[in-house]
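*Asks:* Handing you a structure now.
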Amino acid sequence: MLDLNAVYETVTSRSLTHEQKVMTLAKHAENALDVLPIPARTQHYFETGAINDLFEGHAPYRPRYILPDYPRFLQNGSEFLHLDPPKTLDELLFSLMILYRHVPSITNFPVYLGSIDKLLDPFLEGYSDEEIKEKLRLFLTYLDRTITDSFCHANIGPEQTRAGQLLLEVEQDLQNTVPNLTIKYDPNVTPDSFMEQAILCSLRCSNPAICNDVANRRPFGEAYGVASCYNILPTRGGAYTLTRVTLTELAKEAESETHFMDTLLPECLQCIADYMNARIQFIVEKSGFFESNFLVKEGLIDKDRFLPMFGVTGLAECVNTLLAGTGKRYGNDPDADALGLRIMDRIQELVEGYEALYSPLTNGHFLLHAQVGLDSDKGITSGVRIPVGEEPESFADHLRHSAKFHRYFPAGVGDIFPIASNVHQNPAALLDVVKGAFDLGMQYMSFYSADTDLVRITGYLVKRSEMEKYRKKEAVLQQTTQLGAPNYDVNHLADRKVRMA
Amino acid sequence: MTQAPVNRIIPFSTVDGPGCRTAVFLQACNLSCGYCHNPETQNLCLHCGKCVDACPAGALSKQDGRVIWDAAKCEKCDTCLQVCPHRASPRVQWMTPEAVLRQVAAPFVRGITVSGGECMLWPPFLQELFTLAKRSGLTCLIDSNGTFSFAEYPELMQVCDGVMLDVKAWSPQVFRTLTGGENDTVRQNVSFLAETGKLAEIRVVCGQTDADDVLAGTAALLGERVGRTRLVLIAFRPAGVRGPFADMEPPSAQEMERLRAFARTVGFSRIVVK
């Protein structure tokens, strides 16, 4: 049923931009369809909030996240877009800008822009650093102002390149929220000096985040990208869908740990697996995406390289609910953390037992992803993180805790740390921390300086100054400001423990 | 068992040498510098008990003539430090090298730096701590006022990767007035540490001293090594300082830049201004 009230509200909104209205209207139309089977128990868990499909819509007509094979595009050009392979830096940048405009995703914007340093580097010869930086400044500004959604990600590294270094230089001057940047870090490949530059950059503009390349190569080898909000996915492919179990809500139904482990988890996770399979089936068999989209026809994506992500969030509250009355809290007590690990073991075991449709790359398996959250989440802590305000006094304890829980999530997991603003005088110190954390198995971490305008919400970046505007009910360019401002306030993100002070 | 009085341990320090380090501050100092910004580290507690009544959190008590500190009750308001007439702290803990090592934030740090007070008041402790730390692959630095001759501790120097050496003043008269001590050993240490490859950095607190003479004199002692020696110029700041220096002005940014330029003219090239 078309929700006419919602349509009217959208049409007459003062806080949505024109583009945001169009996309919201499209969502209302999609949601008027009723094509996915939702059995009674699934419906029950949707109502309790234990299952959340992250507003993917009721009739999926494109995969959630798409990671095109950009090198192939540069090699072949595009028949559909009437583009020859670029021969100069200008042609390269314009070709990419054109292609990005045509890469769909659940947000309707591209969530992955490629290993951008590797795309650029072969085209730099003959230009001075200043000439290149001016071109990059225009290119990046174009992206920031037209991709008006922070769930967009570019990658650099692990190799040090001239393009990567210049990108970092421009990035810290621009202070943009889009794209998010991740540097893939492999201590055997990435020089310390390049990493120190990257860390300095991230203390100035909250980008790049740092990805443990060694750990994240495990699922798909080198052919992976970091997309959207810390999603590790195969390039030339992506993710069909992501539905999460909100453990915070599921635990509220539990009569005991046994009831939770042996009754609730198996039933709820099975419902999620079935629901995601129904979505995949609709995308693949009904939507026509894989028959008609030029990205498929031109070999920039391949259906066989898509997979479903099984989202997990709210482990902290789940553990605390199951241990209610004992005073033991997740992140601060060995028994609580041991229960957290038992729950994750159980989830891993169950999810491995489900068959994912049309997912040959993972041999028919769902991949676990630590989902970072929604603007509507109240009192639900992202993924397997420790709640804001309850972080252990010791940074070392916090990092060790993260390392223990990251290993469950091949499709992405991450932690965010505000860092004391004086650490910029010694970026090697923060690099030492990263090295230690990655040695212990931590898979992904991001930093921001405690005094910066650019704040990480759950994964994406929002400007404090833009949130101020939003709170005054002014229209703001970035859709993610609308998600971030309430989240920042409701979840007390200003209280995150500042490290290395 | 060797023990030393530990004022505090900072697991993740970014200002006590290269990279991330666990910084260990030992209590007591043989000098009492006018510009000392943590004077509560200068002496050992005499258990006079003046702080016990002053503690608003009830974290201090006196048992068998000794002041006992209850870490769980302490709110870190520092009242005890302010009322202490002896420039000491009731929160100092006597610790073994093993106990200190357990608080090192491995694997997130590349090493430890022991500072003070003056950590060279406790050389056997340093030697044991460093021997253990090196077994764990950590680098070990000493932060010292330089008034103890490092040449007299060859075994300690074997397990010490470098010394961050304060050169507080050049003229004996200025040094004496500032610190109450003598500086001939500091000069010997500059040469000894440079020759043995153990001089991690020279630190000079600028303002209220003869910093120009320190730079020229140190450069002369370093000879051809001066260009390779890291020099840290630290602006005097009155925060935390007690006594006449508390009212003195910090040097201006221009003055610090003038000193940086002067340091360059006498041969330094690795210069950091803080």
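A note on labels: chains of the structure tokens are A, B, ... as shown, every chain counts residues from 1, and ligands are counted from 1 in their shown order.
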Find the residues of chain B that sit at most 7 Å from chain A; for each, write down the nearest two atoms and how far apart they are in Å, to one decimal. Count only C-alpha atoms. Sort by chain, then by number going up, and give it as CSV.

*Replies:*
residue,atom,partner,partner_atom,distance
B:Phe12,CA,A:Met500,CA,5.8
B:Ser13,CA,A:Met500,CA,6.8
B:Thr14,CA,A:Ala429,CA,5.8
B:Gly19,CA,A:Ala429,CA,3.8
B:Cys20,CA,A:Ala429,CA,3.8
B:Ala105,CA,A:Ala396,CA,6.1
B:Pro107,CA,A:Gly436,CA,4.7
B:Phe108,CA,A:Val433,CA,4.3
B:Val109,CA,A:Asp432,CA,5.8
B:Arg110,CA,A:Asp432,CA,6.6

*Asks:* Next, dump the selected residues to file, keeping only C-alpha atoms, as a PDB file, in the first residue's frame.

*Replies:*
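What follows is the written file again_8.pdb:
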ATOM      1  CA  PHE B  12      50.855   5.414  26.108  1.00  0.00           C
ATOM      2  CA  SER B  13      53.207   8.371  26.071  1.00  0.00           C
ATOM      3  CA  THR B  14      53.780  10.280  22.857  1.00  0.00           C
ATOM      4  CA  GLY B  19      57.221   6.437  18.802  1.00  0.00           C
ATOM      5  CA  CYS B  20      54.804   5.257  21.431  1.00  0.00           C
ATOM      6  CA  ALA B 105      51.454  -1.362  27.181  1.00  0.00           C
ATOM      7  CA  PRO B 107      52.525  -4.685  22.060  1.00  0.00           C
ATOM      8  CA  PHE B 108      51.327  -1.126  21.460  1.00  0.00           C
ATOM      9  CA  VAL B 109      54.599   0.583  22.419  1.00  0.00           C
ATOM     10  CA  ARG B 110      58.079   0.215  21.004  1.00  0.00           C
TER      11      ARG B 110
END

*Asks:* What's around Arg464 of chain A at 9 Å? Count only C-alpha atoms, leave out sequence neighbours fewer than 3 positions away in its own chain, and write the answer as a PDB file with all heavy atoms, in the first residue's frame.

*Replies:*
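As written to disk, part.pdb reads:
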ATOM      1  N   THR A 452      38.645  18.074  16.178  1.00  0.00           N
ATOM      2  CA  THR A 452      38.386  18.341  14.768  1.00  0.00           C
ATOM      3  C   THR A 452      36.905  18.621  14.494  1.00  0.00           C
ATOM      4  O   THR A 452      36.034  18.250  15.287  1.00  0.00           O
ATOM      5  CB  THR A 452      38.846  17.148  13.908  1.00  0.00           C
ATOM      6  OG1 THR A 452      38.541  17.418  12.549  1.00  0.00           O
ATOM      7  CG2 THR A 452      38.134  15.885  14.313  1.00  0.00           C
ATOM      8  N   ASP A 453      36.627  19.261  13.347  1.00  0.00           N
ATOM      9  CA  ASP A 453      35.241  19.498  12.940  1.00  0.00           C
ATOM     10  C   ASP A 453      34.616  18.216  12.386  1.00  0.00           C
ATOM     11  O   ASP A 453      33.405  18.016  12.441  1.00  0.00           O
ATOM     12  CB  ASP A 453      35.203  20.604  11.863  1.00  0.00           C
ATOM     13  CG  ASP A 453      33.772  21.035  11.523  1.00  0.00           C
ATOM     14  OD1 ASP A 453      32.935  21.068  12.444  1.00  0.00           O
ATOM     15  OD2 ASP A 453      33.498  21.327  10.350  1.00  0.00           O
ATOM     16  N   LEU A 454      35.477  17.344  11.846  1.00  0.00           N
ATOM     17  CA  LEU A 454      34.980  16.132  11.194  1.00  0.00           C
ATOM     18  C   LEU A 454      34.914  14.988  12.202  1.00  0.00           C
ATOM     19  O   LEU A 454      35.932  14.509  12.675  1.00  0.00           O
ATOM     20  CB  LEU A 454      35.916  15.746  10.050  1.00  0.00           C
ATOM     21  CG  LEU A 454      35.792  16.613   8.795  1.00  0.00           C
ATOM     22  CD1 LEU A 454      37.074  16.549   7.992  1.00  0.00           C
ATOM     23  CD2 LEU A 454      34.628  16.137   7.950  1.00  0.00           C
ATOM     24  N   VAL A 455      33.713  14.545  12.499  1.00  0.00           N
ATOM     25  CA  VAL A 455      33.537  13.516  13.520  1.00  0.00           C
ATOM     26  C   VAL A 455      33.042  12.232  12.885  1.00  0.00           C
ATOM     27  O   VAL A 455      32.158  12.259  12.027  1.00  0.00           O
ATOM     28  CB  VAL A 455      32.476  13.949  14.551  1.00  0.00           C
ATOM     29  CG1 VAL A 455      32.447  12.987  15.709  1.00  0.00           C
ATOM     30  CG2 VAL A 455      32.737  15.345  15.027  1.00  0.00           C
ATOM     31  N   MET A 467      26.054  19.620  11.545  1.00  0.00           N
ATOM     32  CA  MET A 467      25.059  19.107  12.501  1.00  0.00           C
ATOM     33  C   MET A 467      24.364  20.270  13.199  1.00  0.00           C
ATOM     34  O   MET A 467      23.163  20.214  13.470  1.00  0.00           O
ATOM     35  CB  MET A 467      25.733  18.200  13.537  1.00  0.00           C
ATOM     36  CG  MET A 467      26.164  16.848  12.979  1.00  0.00           C
ATOM     37  SD  MET A 467      26.497  15.637  14.265  1.00  0.00           S
ATOM     38  CE  MET A 467      28.140  16.070  14.779  1.00  0.00           C
ATOM     39  N   GLU A 468      25.121  21.314  13.476  1.00  0.00           N
ATOM     40  CA  GLU A 468      24.551  22.515  14.091  1.00  0.00           C
ATOM     41  C   GLU A 468      23.431  23.076  13.217  1.00  0.00           C
ATOM     42  O   GLU A 468      22.352  23.409  13.682  1.00  0.00           O
ATOM     43  CB  GLU A 468      25.641  23.569  14.274  1.00  0.00           C
ATOM     44  CG  GLU A 468      25.979  23.955  15.695  1.00  0.00           C
ATOM     45  CD  GLU A 468      25.037  23.427  16.752  1.00  0.00           C
ATOM     46  OE1 GLU A 468      24.005  24.092  16.971  1.00  0.00           O
ATOM     47  OE2 GLU A 468      25.306  22.370  17.356  1.00  0.00           O
ATOM     48  N   LYS A 469      23.703  23.157  11.892  1.00  0.00           N
ATOM     49  CA  LYS A 469      22.704  23.656  10.947  1.00  0.00           C
ATOM     50  C   LYS A 469      21.467  22.766  10.976  1.00  0.00           C
ATOM     51  O   LYS A 469      20.337  23.240  10.978  1.00  0.00           O
ATOM     52  CB  LYS A 469      23.267  23.634   9.514  1.00  0.00           C
ATOM     53  CG  LYS A 469      24.069  24.840   9.137  1.00  0.00           C
ATOM     54  CD  LYS A 469      24.115  24.915   7.611  1.00  0.00           C
ATOM     55  CE  LYS A 469      25.500  25.219   7.128  1.00  0.00           C
ATOM     56  NZ  LYS A 469      25.638  24.961   5.692  1.00  0.00           N
ATOM     57  N   ALA A 485      23.449  13.522  13.046  1.00  0.00           N
ATOM     58  CA  ALA A 485      23.176  14.464  14.134  1.00  0.00           C
ATOM     59  C   ALA A 485      22.385  13.800  15.272  1.00  0.00           C
ATOM     60  O   ALA A 485      22.795  13.888  16.429  1.00  0.00           O
ATOM     61  CB  ALA A 485      22.473  15.701  13.603  1.00  0.00           C
TER      62      ALA A 485
END

*Asks:* Env of segment 95-105 of chain A: 6 Å cut, atoms = only C-alpha atoms, seq-sep filter 4 positions within chain, self excluded. Answer as a PyMOL selection string.

*Replies:* chain A and resi 64-65+91+109-110

*Asks:* Output N, CA and C atoms for every residue in that selection, as a tab-separated table (two decimals), in the first residue's frame.

*Replies:*
chain	number	residue	atom	x	y	z
A	64	ARG	N	22.89	-4.24	-2.86
A	64	ARG	CA	23.11	-3.20	-1.86
A	64	ARG	C	24.39	-2.41	-2.14
A	65	TYR	N	25.50	-3.14	-2.29
A	65	TYR	CA	26.79	-2.49	-2.54
A	65	TYR	C	27.44	-3.07	-3.79
A	91	GLU	N	41.44	13.05	-18.92
A	91	GLU	CA	40.48	12.05	-19.42
A	91	GLU	C	40.16	11.03	-18.33
A	109	PHE	N	23.94	6.11	-4.53
A	109	PHE	CA	25.23	6.70	-4.85
A	109	PHE	C	26.27	5.58	-4.85
A	110	PRO	N	27.39	5.81	-5.52
A	110	PRO	CA	28.42	4.77	-5.48
A	110	PRO	C	28.99	4.66	-4.07

*Asks:* Which is closest to Phe294 of chain A among A:Ile457, A:Leu81, A:Ile106, A:Leu350, if we use only C-alpha atoms?

*Replies:*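 Under the stated criterion, the closest residue is A:Leu81.
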
*Asks:* May I have the residues within 12 Å of Tyr153 of chain B as a ChimeraX atom specification, using only C-alpha atoms and disregarding those fewer than 4 positions away in the same chain?

*Replies:* /B:120,122-124,126-127,148-149,157-160,189,192-193

*Asks:* Using DSSP on the backbone coordinates, identify the residues of segment 256-467 of chain A assigned to alpha helix (DSSP H); present them as a PyMOL selection string.

*Replies:* chain A and resi 257-259+265-281+289-292+294-297+315-322+334-352+395-406+427-439+464-467

*Asks:* What lies within 8 Å of segment 111-126 of chain A using only C-alpha atoms, ignoring chain neighbours under 4 positions off, as number ranges by chain?

*Replies:* A: 65-71, 87-89, 92, 100, 105, 107, 132, 151-157, 161-164, 167, 225-228

*Asks:* Identify, on the basis of only C-alpha atoms, every residue whose closest approach to Asp247 of chain B does not exceed 12 Å; exclude the query and any residue fewer than 6 positions from it along the same chain; express the result as a ChimeraX atom specification.

*Replies:* /B:34-35,208,236-241

*Asks:* Using N, CA and C atoms, can you export the residues from the last selection as a tab-separated table (two decimals), in the first residue's frame?

*Replies:*
chain	number	residue	atom	x	y	z
B	34	GLY	N	64.34	25.59	39.97
B	34	GLY	CA	63.34	26.64	40.18
B	34	GLY	C	62.16	26.50	39.24
B	35	TYR	N	62.43	25.98	38.04
B	35	TYR	CA	61.34	25.88	37.06
B	35	TYR	C	60.69	24.51	36.99
B	208	GLN	N	64.78	32.14	31.15
B	208	GLN	CA	65.31	32.18	32.53
B	208	GLN	C	66.66	31.47	32.69
B	236	PHE	N	60.12	27.26	28.59
B	236	PHE	CA	59.71	27.26	30.00
B	236	PHE	C	58.24	27.63	30.09
B	237	ARG	N	57.50	26.86	30.89
B	237	ARG	CA	56.09	27.21	31.13
B	237	ARG	C	55.85	27.21	32.64
B	238	PRO	N	55.11	28.20	33.13
B	238	PRO	CA	54.96	28.28	34.59
B	238	PRO	C	53.96	27.28	35.17
B	239	ALA	N	53.22	26.54	34.32
B	239	ALA	CA	52.20	25.62	34.84
B	239	ALA	C	52.83	24.59	35.78
B	240	GLY	N	52.27	24.48	36.96
B	240	GLY	CA	52.74	23.49	37.92
B	240	GLY	C	53.94	23.93	38.75
B	241	VAL	N	54.58	25.02	38.34
B	241	VAL	CA	55.80	25.48	39.01
B	241	VAL	C	55.44	26.15	40.34

*Asks:* What's the 7 Å shell around Ile202 of chain B, counting only C-alpha atoms, without same-chain residues fewer than 3 positions away, as an NGL selection string?

*Replies:* :B and (164-167 or 230-232)

*Asks:* For Val178 of chain A, which of A:Leu367, A:Leu233, A:Ile147, A:Leu307 is the closest residue, counting only C-alpha atoms?

*Replies:* A:Ile147

*Asks:* Could you check the closest approach to Pro85 of chain B for each of B:Thr179, B:Asn43, B:Thr229, B:Asn30 and tell me which residue wins, using only C-alpha atoms?

*Replies:*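 Among the listed residues, B:Asn43 lies closest to Pro85 of chain B.
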
*Asks:* For Ile280 of chain A, which residue out of A:Ile301, A:Ile343, A:Val296, A:Leu36 is the nearest one, using only C-alpha atoms?

*Replies:* A:Leu36

*Asks:* One decimal, Å: what's the distance from atom CA of Thr42 of chain A over to atom CA of Cys271 of chain A, could you say?

*Replies:*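 For atom CA of Thr42 of chain A relative to atom CA of Cys271 of chain A, the distance reads 5.5 Å.
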
*Asks:* Calculate how many Å separate atom CA of Gly223 of chain B from atom CA of Phe150 of chain B, rounding to one decimal.

*Replies:*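 Spanning atom CA of Gly223 of chain B to atom CA of Phe150 of chain B is a straight-line distance of 19.6 Å.
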
*Asks:* From the options A:Asp495, A:Glu298, A:Glu130, A:Asp274, which residue's atoms come nearest to Arg72 of chain A, counting only C-alpha atoms?

*Replies:* A:Glu298

*Asks:* Based on DSSP run over this structure's backbone, return all residues of segment 33-224 of chain A in strand (DSSP E), as a count of residues only.

*Replies:* 24

*Asks:* Identify which of the residues B:Leu221, B:Ala151, B:Met95, B:Leu178 lies closest to Leu129 of chain B, counting only C-alpha atoms when measuring atom-to-atom distances.

*Replies:* B:Met95
